[in-house]
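K.L.:
Have a peek at entry_32.txt (compact mmCIF, C-alpha atoms and all ligand atoms).
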```txt
# COMPACT_ATOMS: atom_id res chain seq x y z
CA MET K 1 84.19 153.60 73.78
CA ASN K 2 83.40 150.46 75.72
CA PRO K 3 80.30 148.49 74.83
CA ILE K 4 77.97 147.94 77.77
CA SER K 5 75.16 145.45 78.12
CA SER K 6 72.27 145.99 75.70
CA LEU K 7 69.97 144.07 78.04
CA GLU K 8 69.45 146.91 80.50
CA THR K 9 65.79 147.92 80.85
CA VAL K 10 64.64 151.35 79.78
CA GLU K 11 62.40 153.17 82.25
CA ASN K 12 58.78 153.72 81.16
CA ALA K 13 59.24 151.87 77.88
CA PRO K 14 56.19 149.75 76.92
CA ARG K 15 56.92 146.21 78.11
CA LYS K 16 55.06 144.33 75.37
CA LYS K 17 56.91 144.20 72.05
CA SER K 18 53.76 144.91 70.02
CA GLU K 19 53.05 148.05 72.11
CA LEU K 20 56.65 149.17 71.88
CA ILE K 21 56.53 148.88 68.08
CA LYS K 22 53.24 150.81 67.95
CA ALA K 23 54.67 153.55 70.19
CA ILE K 24 57.82 153.88 68.04
CA ASP K 25 55.66 154.07 64.96
CA SER K 26 53.50 156.93 66.27
CA LEU K 27 56.50 158.85 67.63
CA ARG K 28 58.24 158.60 64.28
CA ARG K 29 55.16 159.96 62.47
CA GLU K 30 54.47 162.75 64.99
CA SER K 31 58.06 163.99 64.90
CA ASN K 32 58.68 163.63 61.15
CA ALA K 33 61.53 161.23 61.82
CA VAL K 34 63.10 158.62 59.57
CA ILE K 35 64.65 155.48 61.04
CA LEU K 36 67.76 154.34 59.15
CA ALA K 37 69.28 151.00 60.12
CA HIS K 38 72.41 149.10 59.20
CA PHE K 39 72.24 145.39 58.31
CA TYR K 40 74.11 144.50 61.53
CA GLN K 41 71.32 145.81 63.72
CA ASP K 42 69.16 143.54 65.80
CA PRO K 43 66.44 141.91 63.58
CA ASP K 44 63.69 143.77 65.53
CA ILE K 45 65.26 147.09 64.58
CA GLN K 46 65.76 146.06 60.95
CA ASP K 47 62.07 145.14 60.79
CA ILE K 48 60.86 148.51 62.04
CA ALA K 49 63.30 150.71 60.08
CA ASP K 50 62.17 152.92 57.18
CA PHE K 51 65.32 152.05 55.33
CA ILE K 52 68.10 149.49 55.77
CA GLY K 53 71.38 149.37 53.93
CA ASP K 54 75.16 149.34 53.91
CA SER K 55 77.26 152.39 54.78
CA LEU K 56 77.06 153.87 51.28
CA ASP K 57 73.28 153.36 50.94
CA LEU K 58 72.74 154.91 54.37
CA SER K 59 74.88 157.99 53.62
CA ARG K 60 72.96 158.53 50.39
CA LYS K 61 69.69 158.20 52.26
CA ALA K 62 70.85 160.68 54.93
CA ALA K 63 71.71 163.14 52.15
CA ASN K 64 68.31 162.86 50.47
CA THR K 65 65.73 162.52 53.22
CA ASN K 66 63.07 165.18 53.81
CA ALA K 67 62.59 164.12 57.43
CA GLU K 68 63.53 166.62 60.15
CA ILE K 69 64.98 163.94 62.41
CA ILE K 70 67.23 161.06 61.41
CA VAL K 71 67.34 158.25 63.96
CA PHE K 72 70.44 156.33 63.06
CA CYS K 73 70.35 152.72 64.17
CA GLY K 74 73.97 151.87 63.56
CA VAL K 75 77.23 152.97 65.13
CA HIS K 76 78.61 156.39 66.02
CA PHE K 77 80.66 157.06 62.87
CA MET K 78 77.58 156.35 60.73
CA ALA K 79 75.39 158.79 62.66
CA GLU K 80 78.23 161.31 62.60
CA THR K 81 78.45 160.96 58.81
CA ALA K 82 74.71 161.61 58.53
CA LYS K 83 75.14 164.78 60.63
CA ILE K 84 78.05 165.97 58.48
CA ILE K 85 75.99 165.43 55.31
CA SER K 86 72.78 166.95 56.74
CA PRO K 87 73.91 169.48 59.38
CA GLU K 88 70.48 171.16 59.53
CA LYS K 89 68.84 167.93 60.69
CA THR K 90 68.64 166.48 64.17
CA VAL K 91 70.55 163.19 64.15
CA LEU K 92 69.88 160.77 67.00
CA LEU K 93 71.73 157.58 67.92
CA PRO K 94 69.79 155.31 70.35
CA ASP K 95 72.97 154.48 72.31
CA LEU K 96 75.88 156.92 72.18
CA GLU K 97 78.22 154.15 73.34
CA ALA K 98 77.70 152.36 70.01
CA GLY K 99 81.23 152.98 68.74
CA CYS K 100 83.44 150.99 66.39
CA SER K 101 86.78 149.40 67.31
CA LEU K 102 88.19 150.26 63.91
CA ALA K 103 87.28 153.95 64.12
CA ASP K 104 88.37 154.18 67.77
CA ASP K 105 91.83 152.73 67.05
CA CYS K 106 92.71 155.54 64.66
CA ASN K 107 92.66 158.72 66.71
CA THR K 108 92.91 162.19 65.22
CA GLU K 109 96.34 163.10 66.65
CA ASP K 110 98.06 159.81 65.77
CA PHE K 111 96.57 159.97 62.30
CA ALA K 112 97.89 163.53 61.82
CA LYS K 113 101.39 162.32 62.77
CA PHE K 114 101.12 159.34 60.39
CA LYS K 115 100.00 161.65 57.58
CA GLU K 116 102.94 164.01 58.16
CA LYS K 117 105.30 161.23 57.05
CA TYR K 118 103.61 161.12 53.62
CA PRO K 119 103.05 164.75 52.59
CA ASP K 120 102.66 163.95 48.87
CA HIS K 121 100.02 161.23 49.45
CA PHE K 122 96.34 161.52 48.63
CA VAL K 123 94.44 160.39 51.72
CA VAL K 124 91.60 157.92 51.20
CA SER K 125 89.80 156.98 54.41
CA TYR K 126 87.28 154.23 54.89
CA ILE K 127 84.01 155.66 56.19
CA ASN K 128 84.57 153.67 59.45
CA CYS K 129 86.58 156.50 60.99
CA THR K 130 85.88 159.51 63.21
CA ALA K 131 84.90 162.95 61.92
CA GLY K 132 88.37 164.14 63.00
CA VAL K 133 90.02 161.64 60.63
CA LYS K 134 87.52 162.40 57.85
CA ALA K 135 88.42 166.09 58.21
CA GLN K 136 92.05 165.16 57.43
CA SER K 137 91.15 163.08 54.38
CA ASP K 138 90.88 163.87 50.67
CA LEU K 139 88.34 161.18 49.88
CA ILE K 140 86.07 158.86 51.86
CA CYS K 141 85.18 155.40 50.61
CA THR K 142 83.05 152.50 51.77
CA SER K 143 83.61 148.80 51.20
CA SER K 144 81.16 148.95 48.32
CA ASN K 145 82.93 151.67 46.30
CA ALA K 146 86.58 151.58 47.51
CA VAL K 147 88.03 149.68 44.52
CA ASP K 148 86.17 151.78 41.98
CA LEU K 149 87.16 155.09 43.62
CA ILE K 150 90.84 154.16 43.94
CA LYS K 151 90.91 153.15 40.27
CA GLN K 152 89.67 156.63 39.34
CA LEU K 153 92.72 158.33 40.92
CA PRO K 154 95.66 159.26 38.64
CA LYS K 155 98.09 156.32 38.24
CA ASP K 156 101.13 158.28 39.46
CA GLN K 157 99.35 159.57 42.61
CA PRO K 158 100.73 158.01 45.84
CA ILE K 159 97.85 157.00 48.12
CA LEU K 160 97.52 156.62 51.88
CA PHE K 161 94.68 154.37 52.98
CA ALA K 162 93.18 154.24 56.50
CA PRO K 163 92.14 152.74 58.85
CA ASP K 164 91.42 149.11 57.84
CA GLN K 165 94.41 147.08 56.72
CA ASN K 166 92.39 144.08 55.52
CA LEU K 167 90.16 146.20 53.33
CA GLY K 168 93.25 148.18 52.21
CA ARG K 169 95.09 145.02 51.16
CA TRP K 170 92.04 143.73 49.28
CA VAL K 171 91.57 147.08 47.50
CA GLN K 172 95.27 147.07 46.63
CA ASN K 173 94.99 143.61 45.04
CA LYS K 174 91.79 144.44 43.14
CA SER K 175 92.87 147.86 41.90
CA GLY K 176 96.51 147.07 41.17
CA ARG K 177 97.48 150.26 43.06
CA ASN K 178 100.15 150.40 45.72
CA LEU K 179 98.72 151.78 48.99
CA THR K 180 100.39 152.98 52.17
CA ILE K 181 98.06 151.50 54.79
CA TRP K 182 97.26 152.44 58.40
CA PRO K 183 97.51 149.17 60.42
CA GLY K 184 93.96 149.03 61.87
CA SER K 185 91.38 146.25 61.85
CA CYS K 186 87.87 145.45 63.05
CA GLN K 187 87.69 143.35 66.22
CA VAL K 188 84.75 141.36 64.82
CA HIS K 189 86.09 140.60 61.33
CA GLU K 190 89.58 139.82 62.68
CA ASN K 191 88.12 137.11 64.83
CA PHE K 192 86.35 134.68 62.48
CA SER K 193 87.67 131.18 62.92
CA GLU K 194 89.47 129.82 59.88
CA GLU K 195 89.23 126.32 61.33
CA ALA K 196 85.43 126.59 61.67
CA LEU K 197 85.18 127.93 58.13
CA LEU K 198 87.17 125.01 56.71
CA LYS K 199 84.97 122.54 58.62
CA LEU K 200 81.82 124.19 57.24
CA LYS K 201 83.25 124.00 53.73
CA ILE K 202 83.75 120.25 54.13
CA GLN K 203 80.28 119.81 55.64
CA TYR K 204 78.57 121.90 52.95
CA PRO K 205 80.68 121.44 49.79
CA GLU K 206 77.99 123.05 47.59
CA ALA K 207 77.84 126.26 49.65
CA LYS K 208 79.31 129.47 48.26
CA VAL K 209 81.56 131.34 50.66
CA ILE K 210 80.77 135.07 50.76
CA ALA K 211 82.85 137.47 52.83
CA HIS K 212 83.20 141.10 53.87
CA PRO K 213 86.56 142.65 52.85
CA GLU K 214 87.29 143.56 56.49
CA CYS K 215 88.07 139.84 57.07
CA GLN K 216 91.64 138.63 57.29
CA GLU K 217 93.38 137.71 54.04
CA SER K 218 93.53 133.97 54.85
CA LEU K 219 89.70 133.90 55.08
CA LEU K 220 89.22 136.10 52.02
CA ASP K 221 91.37 133.59 50.09
CA GLU K 222 88.65 130.99 50.77
CA ALA K 223 85.81 133.21 49.49
CA ASP K 224 83.89 132.83 46.20
CA PHE K 225 82.65 136.40 46.49
CA ILE K 226 83.82 139.42 48.51
CA GLY K 227 81.83 142.62 49.00
CA SER K 228 80.03 145.08 51.26
CA THR K 229 76.95 143.93 53.16
CA SER K 230 74.63 145.14 50.34
CA LYS K 231 76.77 143.40 47.74
CA LEU K 232 76.73 140.11 49.70
CA LEU K 233 72.95 140.33 49.87
CA GLU K 234 72.70 141.08 46.16
CA TYR K 235 75.07 138.23 45.23
CA SER K 236 73.02 135.70 47.18
CA GLN K 237 69.81 137.03 45.59
CA ILE K 238 70.77 137.20 41.93
CA ASN K 239 72.58 133.87 41.73
CA ASN K 240 70.90 130.49 41.61
CA TYR K 241 73.08 128.97 44.36
CA ASN K 242 71.12 127.59 47.29
CA SER K 243 73.51 127.70 50.21
CA PHE K 244 76.00 130.24 51.54
CA ILE K 245 78.63 130.43 54.25
CA VAL K 246 78.56 134.06 55.33
CA ILE K 247 81.73 135.60 56.80
CA THR K 248 80.56 138.86 58.27
CA GLU K 249 78.44 140.02 61.21
CA PRO K 250 75.42 137.67 61.29
CA GLY K 251 72.86 140.52 61.47
CA ILE K 252 72.85 140.46 57.65
CA ILE K 253 71.59 136.85 57.71
CA HIS K 254 68.24 138.13 59.01
CA GLN K 255 67.75 140.04 55.71
CA MET K 256 69.02 137.11 53.66
CA LYS K 257 66.54 134.72 55.27
CA LEU K 258 63.68 137.23 54.91
CA ARG K 259 64.34 137.76 51.22
CA MET K 260 65.33 134.16 50.39
CA PRO K 261 63.43 131.87 52.78
CA ASN K 262 64.27 128.77 50.72
CA LYS K 263 68.03 129.24 50.74
CA LEU K 264 70.46 128.18 53.47
CA PHE K 265 72.71 130.75 55.18
CA LEU K 266 75.37 129.67 57.66
CA ASP K 267 77.32 132.01 59.90
CA VAL K 268 80.93 131.43 60.91
CA PRO K 269 81.75 131.56 64.63
CA GLY K 270 84.62 133.49 66.17
CA THR K 271 87.79 131.71 67.31
CA ASP K 272 87.19 129.37 70.29
CA GLY K 273 83.52 129.14 69.25
CA CYS K 274 82.71 132.44 71.00
CA SER K 275 79.77 134.54 69.86
CA CYS K 276 82.16 137.42 69.19
CA ASN K 277 81.16 137.32 65.51
CA SER K 278 78.38 139.74 66.61
CA CYS K 279 79.39 143.40 66.71
CA PRO K 280 79.02 144.39 70.38
CA TYR K 281 78.64 148.06 69.41
CA MET K 282 75.91 147.58 66.81
CA ARG K 283 73.99 145.40 69.25
CA LEU K 284 73.87 148.14 71.90
CA ASN K 285 70.89 149.68 70.10
CA THR K 286 67.61 148.08 71.18
CA LEU K 287 63.93 148.69 70.45
CA GLU K 288 63.57 150.19 73.96
CA LYS K 289 66.43 152.63 73.40
CA LEU K 290 65.01 153.50 70.00
CA TRP K 291 61.68 154.31 71.67
CA LYS K 292 63.43 156.40 74.34
CA CYS K 293 65.51 158.39 71.90
CA LEU K 294 62.42 159.19 69.82
CA SER K 295 60.55 160.23 72.98
CA ASP K 296 63.37 162.40 74.41
CA LYS K 297 64.89 163.53 71.08
CA LYS K 298 68.28 162.51 72.43
CA PRO K 299 71.07 161.39 72.50
CA GLU K 300 71.83 163.77 69.67
CA ILE K 301 75.00 163.89 67.55
CA LYS K 302 76.76 167.23 67.96
CA LEU K 303 79.95 168.10 66.11
CA ASP K 304 82.59 170.78 66.16
CA HIS K 305 81.62 173.20 63.36
CA GLU K 306 85.08 173.42 61.78
CA ILE K 307 85.52 169.62 61.73
CA GLN K 308 82.04 169.22 60.29
CA ILE K 309 82.82 171.60 57.40
CA LYS K 310 86.20 169.97 56.67
CA ALA K 311 84.81 166.43 56.88
CA LEU K 312 82.03 167.20 54.43
CA LEU K 313 84.38 167.79 51.47
CA PRO K 314 85.79 164.23 51.18
CA ILE K 315 82.32 162.75 51.74
CA GLU K 316 80.81 164.91 49.00
CA ARG K 317 83.66 163.90 46.72
CA MET K 318 82.84 160.24 47.42
CA LEU K 319 79.14 160.73 46.68
CA LYS K 320 79.99 162.49 43.39
CA MET K 321 82.52 159.85 42.31
CA SER K 322 80.34 156.83 43.22
CA LYS K 323 78.22 155.33 40.49
P1 LIG K 401 79.17 147.91 55.00
O1 LIG K 401 79.37 149.28 54.45
O2 LIG K 401 79.62 146.84 54.08
O3 LIG K 401 77.76 147.72 55.42
O4 LIG K 401 80.11 147.73 56.28
C1 LIG K 401 79.97 148.44 57.46
C2 LIG K 401 80.75 147.86 58.56
O5 LIG K 401 80.87 148.41 59.61
C3 LIG K 401 81.41 146.60 58.36
O6 LIG K 401 81.96 146.16 59.55
FE1 LIG K 402 83.12 148.62 63.53
FE2 LIG K 402 83.67 146.07 63.14
FE3 LIG K 402 81.41 146.74 64.34
FE4 LIG K 402 81.75 147.21 61.70
S1 LIG K 402 81.64 145.22 62.72
S2 LIG K 402 80.94 148.62 63.20
S3 LIG K 402 83.94 147.71 61.65
S4 LIG K 402 83.49 147.08 65.14
```
Spit out the file's structure as structure tokens when you get a sec.
P.N.:
Amino acid sequence: MNPISSLETVENAPRKKSELIKAIDSLRRESNAVILAHFYQDPDIQDIADFIGDSLDLSRKAANTNAEIIVFCGVHFMAETAKIISPEKTVLLPDLEAGCSLADDCNTEDFAKFKEKYPDHFVVSYINCTAGVKAQSDLICTSSNAVDLIKQLPKDQPILFAPDQNLGRWVQNKSGRNLTIWPGSCQVHENFSEEALLKLKIQYPEAKVIAHPECQESLLDEADFIGSTSKLLEYSQINNYNSFIVITEPGIIHQMKLRMPNKLFLDVPGTDGCSCNSCPYMRLNTLEKLWKCLSDKKPEIKLDHEIQIKALLPIERMLKMSK
């Protein structure tokens, strides 16, 4: 999927932000819908969501909501996961083009061929993958539970891990388990500038460096703490440190500043100072598109029934094994 501009105007959408927010609010109530949003969403969307969280929090929420409609403000694999967990619900994604480079680079057929080479391996896939890859997996993990889940597997069990090699390497180091890893990576986390990070560290010697495990190993080596988006938020909240250099998509900094207005949070630019540290897919969702999808009850996530059934098993296993 190719990201397109998120700045396009949406026909008939209220032009004033306050009216748009009011309209979204009444539509959500009238249609018994819940708005779930990931921390990388635009701040306006985070502010209007019923619930915000990391991939694990959001899957749990999708499993437990009483709402008839789930509007997933995140990327396609997240909405797809919600549909797999709650097949009886209508799951909407404001922009169907909101994909994920990591998930898109591991297609179902190539993954099946890769798997064939390791018939005795237990397949653990990161939740950032398509339903087709989930359906071929034994267990799904997220960045917040990957180490814990891998540690629970029998010591003599060979393991195949897909599709993020940076996360896989980090999990391997933390768990002490040897993993056969699919060579994928996230276009955003691959691109943080090490040079810019080192300059920030010199400029702010007191700042703690906190990083998402999808970052390259050389950047993770510089980090004081590594974890999922929720864990990065928690670390900055429960510790008394006052400044942080945050190596992940800067959407999370909105939550950090909201919850800790007196602390300093610095983002790290991409290489060549580009603004490619923002996830172009996550940012495709806008308040206008959220309004439109609640009005039209589309675009809706639809899945092949057989894939949906197969993909549910490893997700359920994850939810059972996660503390
Ligand atoms: P989290 O589960 O840590 O929120 O990560 C999701 C993601 O897509 C990271 O790029
Ligand atoms: Fe996918 Fe990377 Fe965007 Fe996360 S930040 S959704 S892994 S492209």
K.L.:
Given a cut-off of 6 Å, what residues near ligand LIG 402 (chain K) show up using all atoms listed in the file, put as a list of chain:residue names?
P.N.:
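For ligand LIG 402 (chain K), the residues inside 6 Å are K:Cys100, K:Ser101, K:Leu102, K:Cys186, K:Gln187, K:Val188, K:Cys279, K:Tyr281.
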K.L.:
Could you tell me which of K:Leu20, K:Leu290, K:Ala196, K:Ile52 comes closest to Asp272 (chain K) if we count only C-alpha atoms?
P.N.:
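The closest residue to Asp272 (chain K) is K:Ala196.
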K.L.:
Edge lengths and centre, in Å to one decimal, as AutoDock Vina command-line options: that's what I need for the box along x, y and z that holds all listed atoms of ligand LIG 401 (chain K) plus 4 Å on each side.
P.N.:
```
--center_x 79.9 --center_y 147.7 --center_z 56.8 --size_x 12.2 --size_y 11.1 --size_z 13.5
```
K.L.:
Identify, counting only C-alpha atoms and all ligand atoms, the protein, DNA and RNA residues located within 8 Å of ligand LIG 401 (chain K), and give them as a ChimeraX atom specification.
P.N.:
/K:38-40,53-56,100,128,142-144,186,188-189,212,214,227-231,248-249
K.L.:
Just the residues within 7 Å of region 68-81 of chain K, please, counting all atoms listed in the file, with nothing from its chain fewer than 2 positions along; format it as a PyMOL selection string.
P.N.:
chain K and resi 32-38+41+59+66+83-85+89-94+96+98-100+128-131+281-282+285+301
K.L.:
With all heavy atoms as the target, complete region 299-310 of chain K and hand it back as an mmCIF file, in the frame of the given file.
P.N.:
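Ended up saving to out05.cif:
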```cif
data_model
loop_
_atom_site.group_PDB
_atom_site.id
_atom_site.type_symbol
_atom_site.label_atom_id
_atom_site.label_comp_id
_atom_site.auth_asym_id
_atom_site.auth_seq_id
_atom_site.Cartn_x
_atom_site.Cartn_y
_atom_site.Cartn_z
ATOM 1 N N PRO K 299 69.865 160.614 72.702
ATOM 2 C CA PRO K 299 71.070 161.390 72.500
ATOM 3 C C PRO K 299 71.233 161.888 71.045
ATOM 4 O O PRO K 299 70.982 161.136 70.094
ATOM 5 C CB PRO K 299 72.205 160.422 72.837
ATOM 6 C CG PRO K 299 71.599 159.100 73.083
ATOM 7 C CD PRO K 299 70.147 159.184 72.938
ATOM 8 N N GLU K 300 71.663 163.147 70.977
ATOM 9 C CA GLU K 300 71.830 163.770 69.670
ATOM 10 C C GLU K 300 73.304 163.874 69.303
ATOM 11 O O GLU K 300 74.143 164.106 70.179
ATOM 12 C CB GLU K 300 71.194 165.173 69.728
ATOM 13 C CG GLU K 300 71.195 165.844 68.376
ATOM 14 C CD GLU K 300 70.624 167.258 68.381
ATOM 15 O OE1 GLU K 300 70.025 167.692 69.388
ATOM 16 O OE2 GLU K 300 70.796 167.931 67.350
ATOM 17 N N ILE K 301 73.610 163.739 68.022
ATOM 18 C CA ILE K 301 75.000 163.890 67.550
ATOM 19 C C ILE K 301 75.297 165.371 67.379
ATOM 20 O O ILE K 301 74.591 166.075 66.660
ATOM 21 C CB ILE K 301 75.205 163.159 66.187
ATOM 22 C CG1 ILE K 301 74.859 161.671 66.293
ATOM 23 C CG2 ILE K 301 76.612 163.384 65.642
ATOM 24 C CD1 ILE K 301 75.791 160.825 67.117
ATOM 25 N N LYS K 302 76.327 165.832 68.068
ATOM 26 C CA LYS K 302 76.760 167.230 67.960
ATOM 27 C C LYS K 302 78.226 167.207 67.522
ATOM 28 O O LYS K 302 79.010 166.409 68.038
ATOM 29 C CB LYS K 302 76.693 167.927 69.321
ATOM 30 C CG LYS K 302 75.295 167.930 69.920
ATOM 31 C CD LYS K 302 74.641 169.257 69.720
ATOM 32 C CE LYS K 302 73.355 169.331 70.523
ATOM 33 N NZ LYS K 302 72.389 170.244 70.004
ATOM 34 N N LEU K 303 78.572 168.090 66.603
ATOM 35 C CA LEU K 303 79.950 168.100 66.110
ATOM 36 C C LEU K 303 80.550 169.483 66.128
ATOM 37 O O LEU K 303 79.836 170.476 65.991
ATOM 38 C CB LEU K 303 79.967 167.586 64.657
ATOM 39 C CG LEU K 303 79.772 166.096 64.430
ATOM 40 C CD1 LEU K 303 79.620 165.808 62.957
ATOM 41 C CD2 LEU K 303 80.958 165.328 64.977
ATOM 42 N N ASP K 304 81.866 169.523 66.266
ATOM 43 C CA ASP K 304 82.590 170.780 66.160
ATOM 44 C C ASP K 304 82.365 171.328 64.737
ATOM 45 O O ASP K 304 82.513 170.602 63.755
ATOM 46 C CB ASP K 304 84.076 170.484 66.408
ATOM 47 C CG ASP K 304 84.950 171.675 66.177
ATOM 48 O OD1 ASP K 304 85.403 171.875 65.023
ATOM 49 O OD2 ASP K 304 85.163 172.410 67.146
ATOM 50 N N HIS K 305 82.006 172.619 64.646
ATOM 51 C CA HIS K 305 81.620 173.200 63.360
ATOM 52 C C HIS K 305 82.731 173.088 62.315
ATOM 53 O O HIS K 305 82.502 172.689 61.169
ATOM 54 C CB HIS K 305 81.214 174.659 63.568
ATOM 55 C CG HIS K 305 80.734 175.304 62.308
ATOM 56 N ND1 HIS K 305 79.590 174.903 61.645
ATOM 57 C CD2 HIS K 305 81.268 176.313 61.566
ATOM 58 C CE1 HIS K 305 79.429 175.639 60.567
ATOM 59 N NE2 HIS K 305 80.439 176.499 60.485
ATOM 60 N N GLU K 306 83.965 173.418 62.740
ATOM 61 C CA GLU K 306 85.080 173.420 61.780
ATOM 62 C C GLU K 306 85.342 172.000 61.244
ATOM 63 O O GLU K 306 85.549 171.795 60.049
ATOM 64 C CB GLU K 306 86.327 173.954 62.496
ATOM 65 C CG GLU K 306 87.394 174.437 61.532
ATOM 66 C CD GLU K 306 88.639 174.896 62.283
ATOM 67 O OE1 GLU K 306 88.488 175.476 63.390
ATOM 68 O OE2 GLU K 306 89.740 174.651 61.785
ATOM 69 N N ILE K 307 85.299 171.023 62.144
ATOM 70 C CA ILE K 307 85.520 169.620 61.730
ATOM 71 C C ILE K 307 84.408 169.188 60.772
ATOM 72 O O ILE K 307 84.648 168.544 59.747
ATOM 73 C CB ILE K 307 85.603 168.703 62.966
ATOM 74 C CG1 ILE K 307 86.914 168.988 63.692
ATOM 75 C CG2 ILE K 307 85.481 167.229 62.580
ATOM 76 C CD1 ILE K 307 87.283 168.042 64.780
ATOM 77 N N GLN K 308 83.198 169.587 61.107
ATOM 78 C CA GLN K 308 82.040 169.220 60.290
ATOM 79 C C GLN K 308 82.199 169.743 58.845
ATOM 80 O O GLN K 308 81.965 169.006 57.886
ATOM 81 C CB GLN K 308 80.801 169.854 60.934
ATOM 82 C CG GLN K 308 79.495 169.365 60.387
ATOM 83 C CD GLN K 308 78.355 169.797 61.314
ATOM 84 O OE1 GLN K 308 78.430 169.617 62.536
ATOM 85 N NE2 GLN K 308 77.330 170.372 60.756
ATOM 86 N N ILE K 309 82.646 170.990 58.734
ATOM 87 C CA ILE K 309 82.820 171.600 57.400
ATOM 88 C C ILE K 309 83.932 170.871 56.634
ATOM 89 O O ILE K 309 83.788 170.521 55.463
ATOM 90 C CB ILE K 309 83.195 173.110 57.534
ATOM 91 C CG1 ILE K 309 82.127 173.866 58.310
ATOM 92 C CG2 ILE K 309 83.497 173.754 56.180
ATOM 93 C CD1 ILE K 309 80.841 174.109 57.589
ATOM 94 N N LYS K 310 85.058 170.620 57.336
ATOM 95 C CA LYS K 310 86.200 169.970 56.670
ATOM 96 C C LYS K 310 85.867 168.532 56.267
ATOM 97 O O LYS K 310 86.294 168.036 55.235
ATOM 98 C CB LYS K 310 87.416 169.962 57.596
ATOM 99 C CG LYS K 310 88.147 171.285 57.653
ATOM 100 C CD LYS K 310 89.480 171.075 58.347
ATOM 101 C CE LYS K 310 90.171 172.412 58.570
ATOM 102 N NZ LYS K 310 91.125 172.351 59.683
#
```
